[in-house]
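Here is input.cif, consisting of mmCIF, C-alpha atoms:
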data_data
#
loop_
_atom_site.label_atom_id
_atom_site.label_comp_id
_atom_site.auth_asym_id
_atom_site.auth_seq_id
_atom_site.Cartn_x
_atom_site.Cartn_y
_atom_site.Cartn_z
CA MET A 10 94.13 103.38 89.01
CA SER A 11 95.79 100.64 87.06
CA ALA A 12 98.46 99.70 89.66
CA LEU A 13 100.81 96.79 89.60
CA PRO A 14 98.91 93.51 90.12
CA ALA A 15 97.98 93.60 93.78
CA GLU A 16 97.77 89.82 94.08
CA LEU A 17 101.49 89.57 93.37
CA ILE A 18 102.23 91.77 96.37
CA LEU A 19 99.40 91.42 98.83
CA ASP A 20 98.05 87.94 98.16
CA PRO A 21 99.57 86.33 101.28
CA VAL A 22 97.45 88.55 103.56
CA ARG A 23 94.30 87.18 101.97
CA GLN A 24 94.91 84.01 104.03
CA ILE A 25 94.53 85.82 107.36
CA ASP A 26 91.31 84.82 109.13
CA GLY A 27 88.62 87.46 108.71
CA PHE A 28 90.33 89.18 105.77
CA VAL A 29 88.16 91.93 104.19
CA HIS A 30 90.61 94.06 102.24
CA ALA A 31 94.19 95.28 102.18
CA CYS A 32 96.12 98.04 100.49
CA LEU A 33 99.49 99.71 100.30
CA VAL A 34 99.32 103.50 100.62
CA ASP A 35 101.96 106.19 100.11
CA THR A 36 101.75 108.16 103.37
CA THR A 37 103.03 111.37 101.78
CA SER A 38 100.53 111.61 98.93
CA GLY A 39 97.79 109.36 100.35
CA MET A 40 97.67 107.49 97.04
CA ILE A 41 96.73 103.80 97.02
CA LEU A 42 99.55 101.91 95.28
CA SER A 43 98.10 98.40 95.43
CA SER A 44 94.86 96.96 96.77
CA LEU A 45 93.09 93.67 97.35
CA GLU A 46 89.42 93.24 98.29
CA GLU A 47 87.33 90.23 99.21
CA GLN A 48 84.10 91.94 100.14
CA ASP A 49 82.71 95.42 99.64
CA ASP A 50 81.72 96.10 103.25
CA MET A 51 83.70 99.30 103.52
CA ARG A 52 84.91 101.84 101.03
CA LEU A 53 88.59 101.09 100.59
CA PRO A 54 89.57 104.65 99.57
CA VAL A 55 88.01 106.00 102.76
CA ALA A 56 89.82 103.41 104.88
CA ALA A 57 93.10 104.14 103.11
CA ALA A 58 92.71 107.90 103.52
CA GLY A 59 91.79 107.48 107.18
CA ALA A 60 94.77 105.20 107.80
CA ALA A 61 97.12 107.73 106.20
CA ASP A 62 95.63 110.49 108.37
CA VAL A 63 96.10 108.38 111.51
CA VAL A 64 99.73 107.61 110.67
CA ASN A 65 100.57 111.20 109.88
CA VAL A 66 98.98 112.52 113.07
CA LEU A 67 100.84 109.91 115.13
CA SER A 68 104.08 110.87 113.39
CA LEU A 69 103.42 114.47 114.37
CA MET A 70 103.00 113.30 117.95
CA THR A 71 106.20 111.24 117.98
CA GLY A 72 108.04 114.12 116.36
CA GLU A 73 106.91 116.58 119.00
CA LEU A 74 107.69 114.09 121.76
CA ALA A 75 111.14 113.54 120.22
CA ALA A 76 110.32 109.88 120.67
CA ASP A 77 113.05 107.38 119.98
CA GLY A 78 111.98 105.89 116.66
CA ASP A 79 108.91 106.09 114.47
CA VAL A 80 105.49 104.46 114.55
CA GLU A 81 105.71 100.71 113.80
CA ASP A 82 102.07 99.75 113.64
CA VAL A 83 98.60 100.86 114.71
CA ILE A 84 95.58 98.74 115.61
CA VAL A 85 92.09 100.22 115.50
CA THR A 86 89.27 98.21 117.04
CA LEU A 87 85.79 98.92 115.70
CA GLU A 88 82.60 97.10 116.69
CA SER A 89 82.66 94.92 113.59
CA HIS A 90 86.22 95.23 112.24
CA TYR A 91 89.87 95.47 113.10
CA LEU A 92 92.09 97.82 111.11
CA LEU A 93 95.77 96.95 111.26
CA ILE A 94 98.21 99.50 109.91
CA ARG A 95 101.90 98.77 109.48
CA LEU A 96 104.56 101.24 108.35
CA LEU A 97 107.08 100.28 105.66
CA ARG A 98 110.08 102.23 104.38
CA PRO A 99 111.01 101.28 100.79
CA GLY A 100 113.86 103.77 100.71
CA PRO A 101 115.22 107.09 101.97
CA GLY A 102 112.42 109.59 102.44
CA GLN A 103 109.74 107.10 101.35
CA ARG A 104 107.04 105.78 103.67
CA LEU A 105 104.26 103.37 102.84
CA LEU A 106 101.59 101.94 105.05
CA LEU A 107 100.06 98.51 104.79
CA LEU A 108 96.40 98.56 105.82
CA VAL A 109 94.63 95.25 106.48
CA THR A 110 90.97 95.19 107.49
CA LEU A 111 89.59 92.11 109.23
CA ALA A 112 86.04 91.13 110.13
CA ARG A 113 86.10 90.93 113.90
CA PRO A 114 83.90 87.82 114.38
CA HIS A 115 86.30 85.74 112.28
CA ALA A 116 89.64 87.23 113.23
CA ASN A 117 92.20 86.38 115.89
CA MET A 118 93.87 89.72 116.62
CA ALA A 119 97.08 88.36 118.12
CA MET A 120 97.61 85.91 115.27
CA ALA A 121 96.75 88.50 112.64
CA HIS A 122 99.16 91.02 114.16
CA ARG A 123 101.96 88.50 114.00
CA GLU A 124 101.11 87.37 110.46
CA ILE A 125 101.06 90.94 109.19
CA ARG A 126 104.35 91.71 110.92
CA ASP A 127 105.93 88.61 109.34
CA PHE A 128 104.46 89.44 105.94
CA SER A 129 105.85 92.99 106.16
CA LYS A 130 109.33 91.69 107.00
CA ALA A 131 109.21 89.22 104.11
CA LEU A 132 108.05 91.95 101.73
CA CYS A 133 110.89 94.22 102.84
CA ARG A 134 113.46 91.45 102.45
CA GLU A 135 112.19 90.57 98.99
CA HIS A 136 112.38 94.15 97.75
CA ASP A 137 115.39 95.38 99.77
CA TRP A 138 113.29 97.79 101.83
CA VAL A 139 113.91 98.83 105.43
CA ALA A 140 111.97 96.46 107.69
CA MET B 10 90.79 126.40 87.79
CA ILE B 11 89.87 122.81 88.58
CA PRO B 12 92.46 120.85 86.56
CA THR B 13 89.99 118.22 85.39
CA ARG B 14 87.85 120.86 83.64
CA SER B 15 90.74 122.51 81.84
CA PRO B 16 91.13 122.63 78.05
CA VAL B 17 93.97 120.09 78.33
CA ALA B 18 91.78 117.71 80.32
CA ILE B 19 88.97 118.08 77.79
CA ARG B 20 91.39 117.31 74.97
CA LEU B 21 92.63 114.24 76.86
CA GLY B 22 89.03 113.16 77.30
CA LYS B 23 88.53 113.17 73.55
CA LEU B 24 91.69 111.14 73.04
CA ALA B 25 90.54 108.65 75.66
CA GLU B 26 87.10 108.36 74.09
CA ALA B 27 88.62 107.67 70.71
CA GLY B 28 91.10 105.15 72.16
CA GLN B 29 93.96 107.07 70.57
CA THR B 30 97.67 106.24 70.82
CA GLY B 31 100.31 108.96 70.58
CA SER B 32 101.73 112.04 72.32
CA LEU B 33 100.01 115.27 73.32
CA HIS B 34 102.58 118.10 73.23
CA LEU B 35 101.94 121.31 75.16
CA SER B 36 104.05 124.35 74.35
CA GLY B 37 105.57 126.95 76.65
CA ASP B 38 107.40 127.09 79.97
CA SER B 39 104.52 125.28 81.67
CA GLY B 40 104.27 122.72 78.90
CA GLY B 41 105.33 119.14 78.45
CA VAL B 42 104.08 115.90 76.96
CA ILE B 43 101.39 113.37 77.85
CA TYR B 44 101.71 109.93 76.29
CA VAL B 45 98.58 107.90 75.62
CA SER B 46 98.13 104.33 74.50
CA GLU B 47 94.66 103.24 73.37
CA GLY B 48 93.22 106.10 75.37
CA ASP B 49 95.06 105.27 78.61
CA ILE B 50 97.80 107.50 80.04
CA VAL B 51 101.16 105.70 80.05
CA ALA B 52 103.50 108.56 80.96
CA ALA B 53 103.71 112.34 81.30
CA ASP B 54 106.52 114.87 81.54
CA SER B 55 106.18 118.50 82.57
CA ARG B 56 108.79 121.27 82.57
CA ARG B 57 107.57 122.22 86.06
CA THR B 58 108.10 118.81 87.69
CA PRO B 59 111.09 116.44 87.82
CA SER B 60 111.43 114.39 84.66
CA LEU B 61 110.47 110.73 84.53
CA ALA B 62 114.14 109.83 84.16
CA ASP B 63 115.06 111.89 87.25
CA ARG B 64 112.30 110.30 89.32
CA ILE B 65 113.05 106.72 88.32
CA GLY B 66 116.77 107.15 88.74
CA THR B 67 118.61 103.86 88.90
CA GLU B 68 115.69 101.72 90.09
CA LYS B 69 115.73 98.30 88.48
CA ALA B 70 113.43 97.77 85.50
CA GLY B 71 110.35 95.83 86.57
CA SER B 72 110.81 96.59 90.28
CA LEU B 73 107.89 97.73 92.42
CA ALA B 74 109.66 100.94 93.36
CA ARG B 75 110.33 101.83 89.72
CA GLY B 76 106.70 101.35 88.79
CA TRP B 77 105.44 103.42 91.71
CA LEU B 78 107.95 106.20 91.08
CA ALA B 79 107.00 106.32 87.39
CA THR B 80 103.30 106.43 88.27
CA GLU B 81 103.87 109.22 90.79
CA ALA B 82 105.96 111.21 88.29
CA THR B 83 103.26 110.79 85.65
CA ILE B 84 100.46 111.96 87.93
CA ASP B 85 102.61 114.84 89.22
CA ALA B 86 103.33 115.99 85.66
CA ALA B 87 99.79 115.43 84.41
CA MET B 88 98.37 117.53 87.26
CA GLU B 89 100.67 120.42 86.28
CA LEU B 90 99.83 120.08 82.61
CA MET B 91 96.10 120.06 83.24
CA SER B 92 96.53 123.42 84.99
CA ALA B 93 98.59 124.85 82.14
CA ARG B 94 97.34 127.21 79.45
CA PRO B 95 99.62 126.39 76.52
CA ARG B 96 99.53 128.52 73.39
CA HIS B 97 99.81 125.45 71.23
CA VAL B 98 98.69 121.85 71.73
CA ARG B 99 99.75 119.26 69.17
CA PHE B 100 98.96 115.56 68.99
CA THR B 101 101.39 113.25 67.22
CA GLU B 102 100.88 109.61 66.41
CA PRO B 103 103.56 106.89 66.75
CA GLY B 104 106.21 107.20 64.10
CA GLU B 105 105.77 110.92 63.50
CA GLU B 106 108.54 111.70 65.99
CA PRO B 107 111.34 109.73 67.70
CA GLU B 108 109.86 107.32 70.27
CA PRO B 109 110.75 108.28 73.86
CA ASP B 110 112.05 105.69 76.33
CA LEU B 111 108.90 105.23 78.43
CA PRO B 112 109.03 103.54 81.84
CA GLY B 113 106.62 100.74 80.86
CA ILE B 114 104.05 101.23 83.62
CA PRO B 115 100.54 99.86 83.10
CA GLY B 116 98.28 102.33 81.29
CA MET B 117 96.13 104.48 83.57
CA PRO B 118 92.52 105.03 82.51
CA LEU B 119 91.82 108.74 82.21
CA THR B 120 88.96 108.47 84.73
CA ALA B 121 91.38 107.08 87.32
CA LEU B 122 93.91 109.83 86.58
CA MET B 123 91.20 112.50 86.86
CA ALA B 124 90.03 111.08 90.20
CA GLU B 125 93.56 111.17 91.59
CA VAL B 126 94.23 114.68 90.23
CA THR B 127 90.97 115.87 91.79
CA ARG B 128 91.95 114.34 95.14
CA ARG B 129 95.33 116.08 95.02
CA HIS B 130 93.75 119.36 93.98
CA ASN B 131 91.42 119.11 97.01
CA LEU B 132 94.43 118.46 99.28
CA LEU B 133 96.31 121.48 97.94
CA GLU B 134 93.18 123.59 98.41
CA GLN B 135 93.20 122.65 102.11
CA ILE B 136 96.62 124.24 102.57
CA ALA B 137 96.57 126.94 99.89
CA ALA B 138 96.03 129.76 102.40
CA VAL B 139 99.39 128.88 103.95
CA LEU B 140 101.45 127.13 101.29
CA THR B 141 101.50 126.39 97.56
CA PRO B 142 104.21 124.70 95.47
CA ASP B 143 105.53 128.18 94.65
CA THR B 144 105.53 129.72 98.16
CA ALA B 145 109.01 130.51 99.46
CA VAL B 146 109.92 128.90 102.80
CA ALA B 147 112.95 129.05 105.06
CA ARG B 148 114.35 127.09 107.98
CA ASN B 149 113.00 128.29 111.30
CA LEU B 150 116.05 129.15 113.39
CA ARG B 151 114.18 129.17 116.69
CA LEU B 152 112.48 125.88 117.52
CA ARG B 153 109.48 125.83 119.80
CA SER B 154 110.48 122.45 121.27
CA ARG B 155 113.70 121.60 123.06
CA ALA B 156 114.03 118.43 121.03
CA VAL B 157 112.40 117.09 117.92
CA HIS B 158 112.43 113.84 115.99
CA LEU B 159 112.88 114.18 112.22
CA SER B 160 112.35 111.65 109.48
CA ASP B 161 115.15 111.16 106.94
CA GLY B 162 113.02 112.93 104.33
CA GLN B 163 112.64 115.97 106.60
CA TRP B 164 116.40 116.05 107.20
CA ALA B 165 117.00 116.08 103.46
CA ILE B 166 114.63 119.03 103.11
CA LEU B 167 116.15 120.98 106.00
CA LEU B 168 119.63 120.55 104.55
CA GLN B 169 118.45 122.27 101.37
CA LEU B 170 116.96 125.26 103.20
CA GLY B 171 120.00 127.54 103.25
CA GLN B 172 118.15 130.35 101.47
CA PRO B 173 114.40 130.81 100.98
CA VAL B 174 113.22 128.27 98.46
CA THR B 175 109.90 126.97 97.14
CA PRO B 176 108.61 123.39 97.44
CA ARG B 177 108.79 123.21 93.65
CA ALA B 178 112.49 124.13 93.63
CA LEU B 179 113.14 121.61 96.42
CA ALA B 180 111.35 118.91 94.45
CA LEU B 181 113.29 119.67 91.28
CA GLY B 182 116.55 119.74 93.20
CA LEU B 183 115.90 116.48 95.04
CA GLY B 184 114.18 114.74 92.10
CA GLN B 185 110.93 114.25 94.03
CA SER B 186 107.26 114.84 93.33
CA VAL B 187 106.26 118.53 93.48
CA PHE B 188 102.95 117.53 95.04
CA GLY B 189 104.60 115.28 97.61
CA MET B 190 107.19 117.90 98.47
CA THR B 191 104.51 120.55 98.97
CA ILE B 192 102.65 118.26 101.38
CA GLU B 193 105.83 117.39 103.26
CA VAL B 194 106.91 121.02 103.56
CA TYR B 195 103.43 121.94 104.82
CA ARG B 196 103.81 119.35 107.59
CA MET B 197 107.10 120.99 108.51
CA VAL B 198 105.41 124.41 108.54
CA ILE B 199 102.75 123.27 111.00
CA THR B 200 105.43 121.84 113.29
CA ASP B 201 107.38 125.12 113.10
CA LEU B 202 110.47 123.51 111.59
CA VAL B 203 110.02 125.70 108.55
CA SER B 204 108.37 129.10 108.03
CA VAL B 205 106.71 130.77 105.09
CA VAL B 206 108.71 133.75 103.86
CA ASP B 207 106.70 136.95 103.67
CA ALA B 208 107.79 138.20 100.25
CA SER B 209 106.73 141.77 100.90
CA ALA B 210 108.58 142.05 104.20
CA ARG B 211 111.43 139.69 103.17
CA THR B 212 111.32 138.17 106.61
CA THR B 213 110.15 134.83 107.89
CA ASP B 214 106.74 134.72 109.45
CA PRO B 215 106.81 131.96 112.04
CA ALA B 216 103.82 133.08 114.06
CA GLY B 217 102.23 135.72 111.88
CA GLU B 218 99.48 135.93 109.27
CA ALA B 219 100.67 133.13 107.05
CA SER B 220 100.70 130.67 109.95
CA ARG B 221 97.26 131.47 111.29
CA GLY B 222 94.49 129.18 110.21
CA ARG B 223 96.88 126.32 109.51
CA SER B 224 95.55 122.93 110.40
CA THR B 225 96.52 119.30 110.04
CA LEU B 226 96.11 118.12 106.48
CA SER B 227 93.35 115.51 106.06
CA PHE B 228 93.25 112.91 103.30
CA ILE B 229 89.67 111.99 104.21
CA ARG B 230 88.48 115.55 103.66
CA ALA B 231 90.10 115.50 100.23
CA LEU B 232 87.92 112.65 99.00
CA ALA B 233 85.30 114.13 96.65
#
Just dump the structure as structure tokens.
Amino acid sequence: MSALPAELILDPVRQIDGFVHACLVDTTSGMILSSLEEQDDMRLPVAAAGAADVVNVLSLMTGELAADGDVEDVIVTLESHYLLIRLLRPGPGQRLLLLVTLARPHANMAMAHREIRDFSKALCREHDWVA
Amino acid sequence: MIPTRSPVAIRLGKLAEAGQTGSLHLSGDSGGVIYVSEGDIVAADSRRTPSLADRIGTEKAGSLARGWLATEATIDAAMELMSARPRHVRFTEPGEEPEPDLPGIPGMPLTALMAEVTRRHNLLEQIAAVLTPDTAVARNLRLRSRAVHLSDGQWAILLQLGQPVTPRALALGLGQSVFGMTIEVYRMVITDLVSVVDASARTTDPAGEASRGRSTLSFIRALA
């Protein structure tokens, strides 16, 4: 898919220690809107599809629980990788997720979590999205 | 019919191979136009999906949102057109007809479009036993839960459900993707916010045949 240049959107996350790949995914359609890869350790489409499935199942859960508010982020710890998923809302009725995959030996989870949260807020401010 | 093996898809393949630039016009109520530039798809409009102009709305030119909305509208329309069986298909080159005001998104290689259409087709196949874009649904007046949390998108859908209506009609009314609306309505069916209308009985069917066998949609299972 010839999307808008990913480096213009996602380049800052490349600086996070352990960065493997990142993408922005529309959670309704599951379509990858922008992507950035350093290595080819994992199939990005599979990771993106899995992340969208996780977010949608968790939204089902929060809906049924009548929880106060929606999912903010999800962290998945695998033996060799961390998957960080952050929800973004560009506008009414729209939901995107930011997926960042990090190689666990090189990553600092707490730092990465904060950097991704800060990057998400900056992205939302820049494009007038809901943080 | 798998959209990517349709006569329209085959015709697009030939245009892509030849690196053609122009417009492929499909006649009839299910018709529309697909715009190609050097073999890549740059826009598409279908009579069965919201127009490009409706989808883009007032988003600023050059903004991320505008680009994504235009891409989604193009894929939504192209998927419909690939499933169509038009009586007439006509290709025009630039200059033969007035130039449309295209959204200016980067051209999409046909292989990428086909892959995305296939993925969406697989997703719709997962839910087809319960819901299609043209299945009538209605608000479920009796909720299973005592309380429920709704997203703003789900509220907008519920507000439209005064009478039985299809996901396609909702999408056209709200200016949203038919595919996306079908997926969103399906999620509301499996949480019992919305029920499929049994056309033969003219009643809703909250716990009957149409609801059995429903399962959570999976994007991973849709990957070919």
### Query
Which is closest to chain A among B:Pro176, B:Pro95, B:Gly189, B:Pro142, if we use all atoms listed in the file?
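Closest to chain A, using all atoms listed in the file: B:Gly189.
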### Task
Compute the set of chain A residues within 10 Å of chain B, using only C-alpha atoms, and express it as a PyMOL selection string.
chain A and resi 10-14+18+35-43+54-63+65-66+68-79+99-104+136+138
### Query
If the PyMOL selection byres ((chain A and resi 119-133) around 12) is run on the structure shown, which residues does it catch, given as a PyMOL selection string?
(chain A and resi 17-28+31+33+81-85+91-100+105-113+115-118+134-140) or (chain B and resi 73-74)
### Message
Need the shell around B:Leu33: protein/DNA/RNA residues with any atom at most 12 Å away, counting all atoms listed in the file. Skip same-chain ones fewer than 4 positions apart. Format as a PyMOL selection string?
### Response
chain B and resi 17-18+20-25+29+40-46+48+50-55+87+90-91+95+97-103+106
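Of the residues under consideration (B:Val174, B:Val126, B:Val194, B:Leu111), B:Leu111 shows the shortest atom-to-atom contact distance to B:Ser32 when counting only C-alpha atoms.
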### Query
Any idea what's packed within 8 Å of B:Thr175, counting all atoms listed in the file, ignoring anything in its chain fewer than 6 positions away? Could you give it as a ChimeraX atom specification?
/B:142-146
### Explicit residues for the PyMOL selection byres ((chain B and resi 59) around 8) (as an MDAnalysis selection string)
chainID B and resid 54:58 60:61 63:64 82 180:181 184:187
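For the pair atom CA of B:Leu133 and atom CA of B:Ser204, the separation is 17.5 Å.
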### Query
In Å to one decimal, how far is atom CA of B:Arg151 from atom CA of B:Gln172?
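Atom CA of B:Gln172 sits 15.8 Å away from atom CA of B:Arg151.
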### Query
Could you work out how far atom CA of B:Gly182 lies from atom CA of B:Leu140, giving the answer in Å with one decimal?
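Between atom CA of B:Leu140 and atom CA of B:Gly182 the gap is 18.7 Å.
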Please fill the gaps in stretch 85-107 of chain A so it has N, CA and C atoms, and write that as a PDB file, in the coordinates of the input.
ATOM      1  N   VAL A  85      93.335  99.524 115.191  1.00  0.00           N
ATOM      2  CA  VAL A  85      92.090 100.220 115.500  1.00  0.00           C
ATOM      3  C   VAL A  85      91.010  99.168 115.640  1.00  0.00           C
ATOM      4  N   THR A  86      90.318  99.193 116.789  1.00  0.00           N
ATOM      5  CA  THR A  86      89.270  98.210 117.040  1.00  0.00           C
ATOM      6  C   THR A  86      87.920  98.889 116.880  1.00  0.00           C
ATOM      7  N   LEU A  87      87.156  98.434 115.893  1.00  0.00           N
ATOM      8  CA  LEU A  87      85.790  98.920 115.700  1.00  0.00           C
ATOM      9  C   LEU A  87      84.842  97.813 116.165  1.00  0.00           C
ATOM     10  N   GLU A  88      83.555  98.120 116.223  1.00  0.00           N
ATOM     11  CA  GLU A  88      82.600  97.100 116.690  1.00  0.00           C
ATOM     12  C   GLU A  88      82.634  95.866 115.816  1.00  0.00           C
ATOM     13  N   SER A  89      82.752  96.058 114.497  1.00  0.00           N
ATOM     14  CA  SER A  89      82.660  94.920 113.590  1.00  0.00           C
ATOM     15  C   SER A  89      83.969  94.577 112.874  1.00  0.00           C
ATOM     16  N   HIS A  90      84.979  95.439 112.981  1.00  0.00           N
ATOM     17  CA  HIS A  90      86.220  95.230 112.240  1.00  0.00           C
ATOM     18  C   HIS A  90      87.444  95.599 113.062  1.00  0.00           C
ATOM     19  N   TYR A  91      88.556  95.007 112.655  1.00  0.00           N
ATOM     20  CA  TYR A  91      89.870  95.470 113.100  1.00  0.00           C
ATOM     21  C   TYR A  91      90.555  96.110 111.897  1.00  0.00           C
ATOM     22  N   LEU A  92      91.242  97.217 112.141  1.00  0.00           N
ATOM     23  CA  LEU A  92      92.090  97.820 111.110  1.00  0.00           C
ATOM     24  C   LEU A  92      93.517  97.749 111.618  1.00  0.00           C
ATOM     25  N   LEU A  93      94.359  97.039 110.881  1.00  0.00           N
ATOM     26  CA  LEU A  93      95.770  96.950 111.260  1.00  0.00           C
ATOM     27  C   LEU A  93      96.580  97.746 110.240  1.00  0.00           C
ATOM     28  N   ILE A  94      97.404  98.620 110.759  1.00  0.00           N
ATOM     29  CA  ILE A  94      98.210  99.500 109.910  1.00  0.00           C
ATOM     30  C   ILE A  94      99.669  99.260 110.250  1.00  0.00           C
ATOM     31  N   ARG A  95     100.477  99.001 109.250  1.00  0.00           N
ATOM     32  CA  ARG A  95     101.900  98.770 109.480  1.00  0.00           C
ATOM     33  C   ARG A  95     102.707  99.687 108.555  1.00  0.00           C
ATOM     34  N   LEU A  96     103.730 100.325 109.121  1.00  0.00           N
ATOM     35  CA  LEU A  96     104.560 101.240 108.350  1.00  0.00           C
ATOM     36  C   LEU A  96     105.704 100.486 107.671  1.00  0.00           C
ATOM     37  N   LEU A  97     105.974 100.869 106.419  1.00  0.00           N
ATOM     38  CA  LEU A  97     107.080 100.280 105.660  1.00  0.00           C
ATOM     39  C   LEU A  97     107.917 101.419 105.083  1.00  0.00           C
ATOM     40  N   ARG A  98     109.199 101.187 104.945  1.00  0.00           N
ATOM     41  CA  ARG A  98     110.080 102.230 104.380  1.00  0.00           C
ATOM     42  C   ARG A  98     110.851 101.641 103.189  1.00  0.00           C
ATOM     43  N   PRO A  99     110.331 101.836 101.959  1.00  0.00           N
ATOM     44  CA  PRO A  99     111.010 101.280 100.790  1.00  0.00           C
ATOM     45  C   PRO A  99     112.383 101.894 100.542  1.00  0.00           C
ATOM     46  N   GLY A 100     112.574 103.134 100.961  1.00  0.00           N
ATOM     47  CA  GLY A 100     113.860 103.770 100.710  1.00  0.00           C
ATOM     48  C   GLY A 100     113.935 105.095 101.428  1.00  0.00           C
ATOM     49  N   PRO A 101     115.054 105.808 101.279  1.00  0.00           N
ATOM     50  CA  PRO A 101     115.220 107.090 101.970  1.00  0.00           C
ATOM     51  C   PRO A 101     114.097 108.056 101.632  1.00  0.00           C
ATOM     52  N   GLY A 102     113.464 108.610 102.656  1.00  0.00           N
ATOM     53  CA  GLY A 102     112.420 109.590 102.440  1.00  0.00           C
ATOM     54  C   GLY A 102     111.087 109.024 101.994  1.00  0.00           C
ATOM     55  N   GLN A 103     111.007 107.694 101.801  1.00  0.00           N
ATOM     56  CA  GLN A 103     109.740 107.100 101.350  1.00  0.00           C
ATOM     57  C   GLN A 103     109.083 106.358 102.504  1.00  0.00           C
ATOM     58  N   ARG A 104     107.772 106.527 102.648  1.00  0.00           N
ATOM     59  CA  ARG A 104     107.040 105.780 103.670  1.00  0.00           C
ATOM     60  C   ARG A 104     105.739 105.270 103.086  1.00  0.00           C
ATOM     61  N   LEU A 105     105.532 103.980 103.244  1.00  0.00           N
ATOM     62  CA  LEU A 105     104.260 103.370 102.840  1.00  0.00           C
ATOM     63  C   LEU A 105     103.579 102.838 104.089  1.00  0.00           C
ATOM     64  N   LEU A 106     102.279 102.671 103.997  1.00  0.00           N
ATOM     65  CA  LEU A 106     101.590 101.940 105.050  1.00  0.00           C
ATOM     66  C   LEU A 106     100.840 100.775 104.431  1.00  0.00           C
ATOM     67  N   LEU A 107     100.844  99.680 105.160  1.00  0.00           N
ATOM     68  CA  LEU A 107     100.060  98.510 104.790  1.00  0.00           C
ATOM     69  C   LEU A 107      98.820  98.521 105.671  1.00  0.00           C
TER      70      LEU A 107
END
